[in-house]
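The block underneath contains the structure these notes are about, expressed in structure tokens.
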Amino acid sequence: MKISEQWLREWANPDISSEALGHQLTMAGLEVDSIDALPAAPEKVVVGRVLELKAHPNADKLRICSVDIGADEPLSIVCGASNVVVGGVYPVATIGAVLPGNFKIKQSKLRGEPSFGMLCSASELGLEAQSEGLYSLEDNAQPGTPIAEVICFTDTVIDVDLTPNRADCFSIRGVARELAAANSLELTTPAIIPVAAGSKAAVNVSLQAGAAAPLFAARVVTGIDSLALTPVWLRERLRRAGIRPIHPVVDVTNYVMLELGQPMHGYDLSKIEGDMAVRFAKAGEKLQVLGGDELILADTDLVVSDAAGAVAFAGVIGGERTAVESSTVDVLFEAAFFAPDALAGKARGYGLHTDSSLRFERGVDFSNTEAALERATALLLDIAGGTPGPVAVERLEAELPKRPAVLLRRAKLDSLLGISVPDADVLRMFTALGMQIETIKEGWHITPPCARFDISIEEDLIEEAVRLYGYDQIPDIAGSMPLQLASSTETRVSVDRLRAGLVDQGYQEAITYSFIDPAMDALFAGDDQHIALQNPISSAQSVMRRSLWPGLIQALTLNLNRQENRVRLFEHGVKFSGQGDDLEEQQVFAGVVSGTYMQEHWEGNSAGLDIFDIKSDVYSLMMLTGKGHEFHFVAAESSVLRPGRSGRIERNGVPIGWIGELHPRMVAELGLDSAPLLFEFLVEPAIARAPASFEPISKFPRVRRDIAVLVDRELPVQDILAEVVQAAGALLREVVVFDIYVGESVDSGLKSVALGLILQEKSRTLTDNEVEGSVRAVTTALIGKFNAKIRE
């Protein structure tokens with residue numbers, strides 16, 4: 001927010017420099033981005049009045065002006081501005097003047113006609129970057145008066161970067177209150193005297209939106225001078241705040257907003273039809289706003305309406321139909337309070353950002369509404385005359401925000417700051433901020449003013465105390481903190497250990513966006529049930545990801561495009577599922593692999609990757625739990641993965657993830673040259689582990705028996721191993737698959753699986769009968785369950 005230092009010092013004027021003032025504001029939490037002095041008033045620029053206009057004989061868009069500058073003879077000046085009129089008063093740069101940018105004024109000829117000076121715009125005087133037309137001065141300005149006596153150039157513009165919680169400082173009054181409190185000064189407020197009604201003209205307004213719009217004040221002013229011009233002092237204060245002067249009614253509402261923090265709006269009363277209401281829009285209701293854009297509103301949007309429909313997007317922007325224009329003579333002023341929750345995000349949802357929405361979304365002082373209306377009335381009457389009607393206020397008292405007292409304990413204040421702030425300073429600081437304070441045994445009960453929406457807990461008050469007491473007043477004290485060892489558990493594998501396990505296998509960690517393109521989301525999810533964002537930063541990041549694979553595939557593509565032909569990436573992050581209140585986040589590990597199994601080597605080219613390579617990588621992570629036997633890779637089909645080269649990861653029969661080769665259809669759609677391998681599994685169900693336990697090495701020998709069985713070729717070896725473990729009993733220490741054979745001497749529908757059974761007893765040497773009994777139990781089970789045949 002930009003403010004005029006001269007204007008600010010009318011409210012609070014500490015005896016410090018501009019730089020020191022900016023430092024004080026920054027240390028009070030109102031960060032000052034810049035302090036820029038206005039350019040010095042140019043010499044030889046005076047007030048001039050146009051006496052006569054003549055058409056230029058050689059140019060249609062130029063005119064020859066006869067200008068009175070208080071000299072013996074008027075000057076002849078050629079001008080192309082569209083707003084120059086007879087009787088108009090403008091700045092005149094006479095011959096010899098040097099304008100900003102080292103622009104020197106000389107006698108010249110324009111299209112053959114002599115010109116003895118230049119009529120100036122605001123930009124040519126250095127008051128703004130760009131401007132349209134000449135700078136119109138007030139009629140009572142005397143020709144020949146130096147421009148420095150009409151326009152104040154001795155000012156500085158302070159740009160304050162306010163945080164969202166400091167809604168109370170979006171005004172001169174709010175910043176001045178902070179400045180006065182920091183310097184123990186009295187706040188000098190302008191006298192706002194109620195303006196007596198001169199007529200009974202009024203508009204009936206009804207509040208139909210409950211707590212969303214609990215306060216609405218309105219006032220009619222009739223018979224204003226439509227030709228009146230906003231005075232220079234007011235225009236310059238608006239301009240230095242970054243607001244373009246438009247019309248006296250609009251300028252007054254903007255001025256009051258900057259001064260008191262109350263957004264206002266002015267309507268052309270002649271365009272209002274019937275009674276007015278503040279209500280929620282009807283779904284699909286249309287409103288053409290200022291500037292000409294048409295909005296299609298939702299039933300959660302607040303509007304101000306008359307009998308013919310919506311006339312304003314409440315708290316955001318006015319409507320074009322009732323806009324004030326140059327012919328307006330009857331005006332309706334509006335000053336209201338709209339609840340921050342009701343307006344949060346509404347303007348951004350339509351691509352709008354206005355000074356009103358900026359303030360209403362953060363909270364406006366609802367005790368200030370009528371005073372703002374009186375201030376605007378008085379200013380408009382001074383500028384354009386007119387007859388005011390009575391102030392009409394509609395209020396839903398029970399729906400207005402409450403300001404309960406907050407307890408500030410002396411012990412808590414001292415504990416957080418590390419020092420003891422004197423009681424007198426506490427009372428002074430909070431009183432200066434407009435708060436009501438009551439001393440109690442434990443400390444104080446403090447009631448924030450209506451403008452302070454950011455104070456609700458004790459820590460908020462402590463923040464206020466340290467701001468005003470001064471951060472630089474807090475001494476450097478070496479802190480002390482008892483050390484406490486971090487807790488550790490053996491019942492879970494840490495995420496960092498999983499990361500390290502993948503890094504050990506040649507993977508690199510990637511971090512991708514949680515928001516992705518809807519097309520990529522639909523491609524990988526197989527449907528268009530997107531989890532859409534209300535206010536996406538771009539269309540390419542407008543939905544929440546339901547898998548980490550889209551981001552990893554994009555990262556893979558970027559690497560491949562940069563000639564990185566061997567890529568192994570993994571990511572630990574969250575994916576989302578569900579809609580609305582059922583939205584759920586799940587932590588997952590995911591990976592993508594492409595290229596050769598090993599890096600290029602002089603011994604020869606490495607073989608390509610297949611699903612068993614990536615399965616081995618994932619299974620090595622599962623083995624960290626000490627319960628590798630609980631994990632199974634079950635052949636299954638997914639719309640994302642290639643049939644026959646995909647599988648579901650299960651733990652104790654519960655699905656926890658997927659593994660496989662990207663589907664050929666998706667390879668083609670994504671423009672990849674070859675199909676990468678993918679995995680993804682849920683973190684929580686995968687990391688439960690068995691606590692380590694000690695088991696002595698047996699002194700007795702192991703016994704190994706090898707068997708080979710013929711089984712159906714489609715039977716997963718994993719099922720065979722599970723049956724062997726169950727049948728062999730407690731003597732089995734390990735079972736290994738050392739050969740799988742398909743070919744000659746084996747029927748076409750069968751395969752030969754060779755198993756090594758390793759048996760051992762901890763307390764004694766096994767007998768032949770015990771060994772043969774275990775082997776027999778295994779073969780019997782395999783024959784019975786899988787119709788296996790034992791090979792001799």
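Following the order of the structure tokens, chains are lettered A, B, ..., residues in each are numbered from 1, and ligands are numbered from 1.
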Fewer than 4 positions away in the same chain doesn't count, so skip those; otherwise give me all residues within 10 Å of Gly526 (chain A), counting only C-alpha atoms, as a ChimeraX atom specification. /A:520-522,638-640
Applying 9 Å and only C-alpha atoms, which residues near Pro449 (chain A) remain after dropping the ones on its own chain fewer than 3 positions away? List them as a PyMOL selection string. chain A and resi 365+367+403+433-436+452-453
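Ranking A:Pro57, A:Pro676, A:Gly573, A:Pro655 by their shortest atom-to-atom distance to Glu585 (chain A), with only C-alpha atoms included, puts A:Gly573 first.
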Using only C-alpha atoms: which of A:Ile758, A:Ala722, A:Ile614, A:Ile147 has the shortest distance to Gly506 (chain A): A:Ile614
Taking 3 positions as the minimum chain separation for residues in the same chain, which residues sit within 8 Å of Thr328 (chain A) when counting only C-alpha atoms? Answer as an mmCIF file with N, CA, C and O atoms, in the first residue's frame.
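Saved as out-v7.cif:
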data_model
loop_
_atom_site.group_PDB
_atom_site.id
_atom_site.type_symbol
_atom_site.label_atom_id
_atom_site.label_comp_id
_atom_site.auth_asym_id
_atom_site.auth_seq_id
_atom_site.Cartn_x
_atom_site.Cartn_y
_atom_site.Cartn_z
ATOM 1 N N ILE A 224 -25.959 17.520 -7.098
ATOM 2 C CA ILE A 224 -24.547 17.901 -7.118
ATOM 3 C C ILE A 224 -24.219 18.544 -8.465
ATOM 4 O O ILE A 224 -24.930 18.366 -9.457
ATOM 5 N N SER A 226 -22.551 18.594 -11.705
ATOM 6 C CA SER A 226 -21.959 17.558 -12.558
ATOM 7 C C SER A 226 -20.668 18.020 -13.214
ATOM 8 O O SER A 226 -19.900 17.195 -13.724
ATOM 9 N N ASP A 268 -25.277 6.003 -9.211
ATOM 10 C CA ASP A 268 -26.100 7.049 -9.820
ATOM 11 C C ASP A 268 -27.543 6.754 -9.411
ATOM 12 O O ASP A 268 -28.141 5.765 -9.853
ATOM 13 N N VAL A 324 -21.621 5.847 -11.768
ATOM 14 C CA VAL A 324 -21.593 7.309 -11.816
ATOM 15 C C VAL A 324 -20.877 7.743 -13.091
ATOM 16 O O VAL A 324 -19.863 7.162 -13.481
ATOM 17 N N GLU A 325 -21.416 8.783 -13.758
ATOM 18 C CA GLU A 325 -20.779 9.309 -14.963
ATOM 19 C C GLU A 325 -20.797 10.832 -14.917
ATOM 20 O O GLU A 325 -21.251 11.442 -13.936
ATOM 21 N N VAL A 331 -26.802 11.112 -6.214
ATOM 22 C CA VAL A 331 -25.866 10.053 -5.843
ATOM 23 C C VAL A 331 -26.393 9.288 -4.641
ATOM 24 O O VAL A 331 -27.027 9.863 -3.744
#
Find the residues around region 488-497 of chain A up to 9 Å (only C-alpha atoms counted), leave out those fewer than 5 positions away in its own chain, and share them as a PyMOL selection string. chain A and resi 502+572+621+624-625+683-684+686-692
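The set of residues in region 449-600 of chain A assigned to strand (DSSP E) by DSSP, using only backbone atoms of this structure, is A:Gln508, A:Glu509, A:Phe515, A:Ile516, A:Val543, A:Met544, A:Val567, A:Arg568, A:Leu569, A:Phe570, A:Glu571, A:His572, A:Gly573, A:Val574, A:Lys575, A:Phe576, A:Ser577, A:Glu584, A:Glu585, A:Gln586, A:Gln587, A:Val588, A:Phe589, A:Ala590, A:Gly591, A:Val592, A:Val593, A:Ser594.
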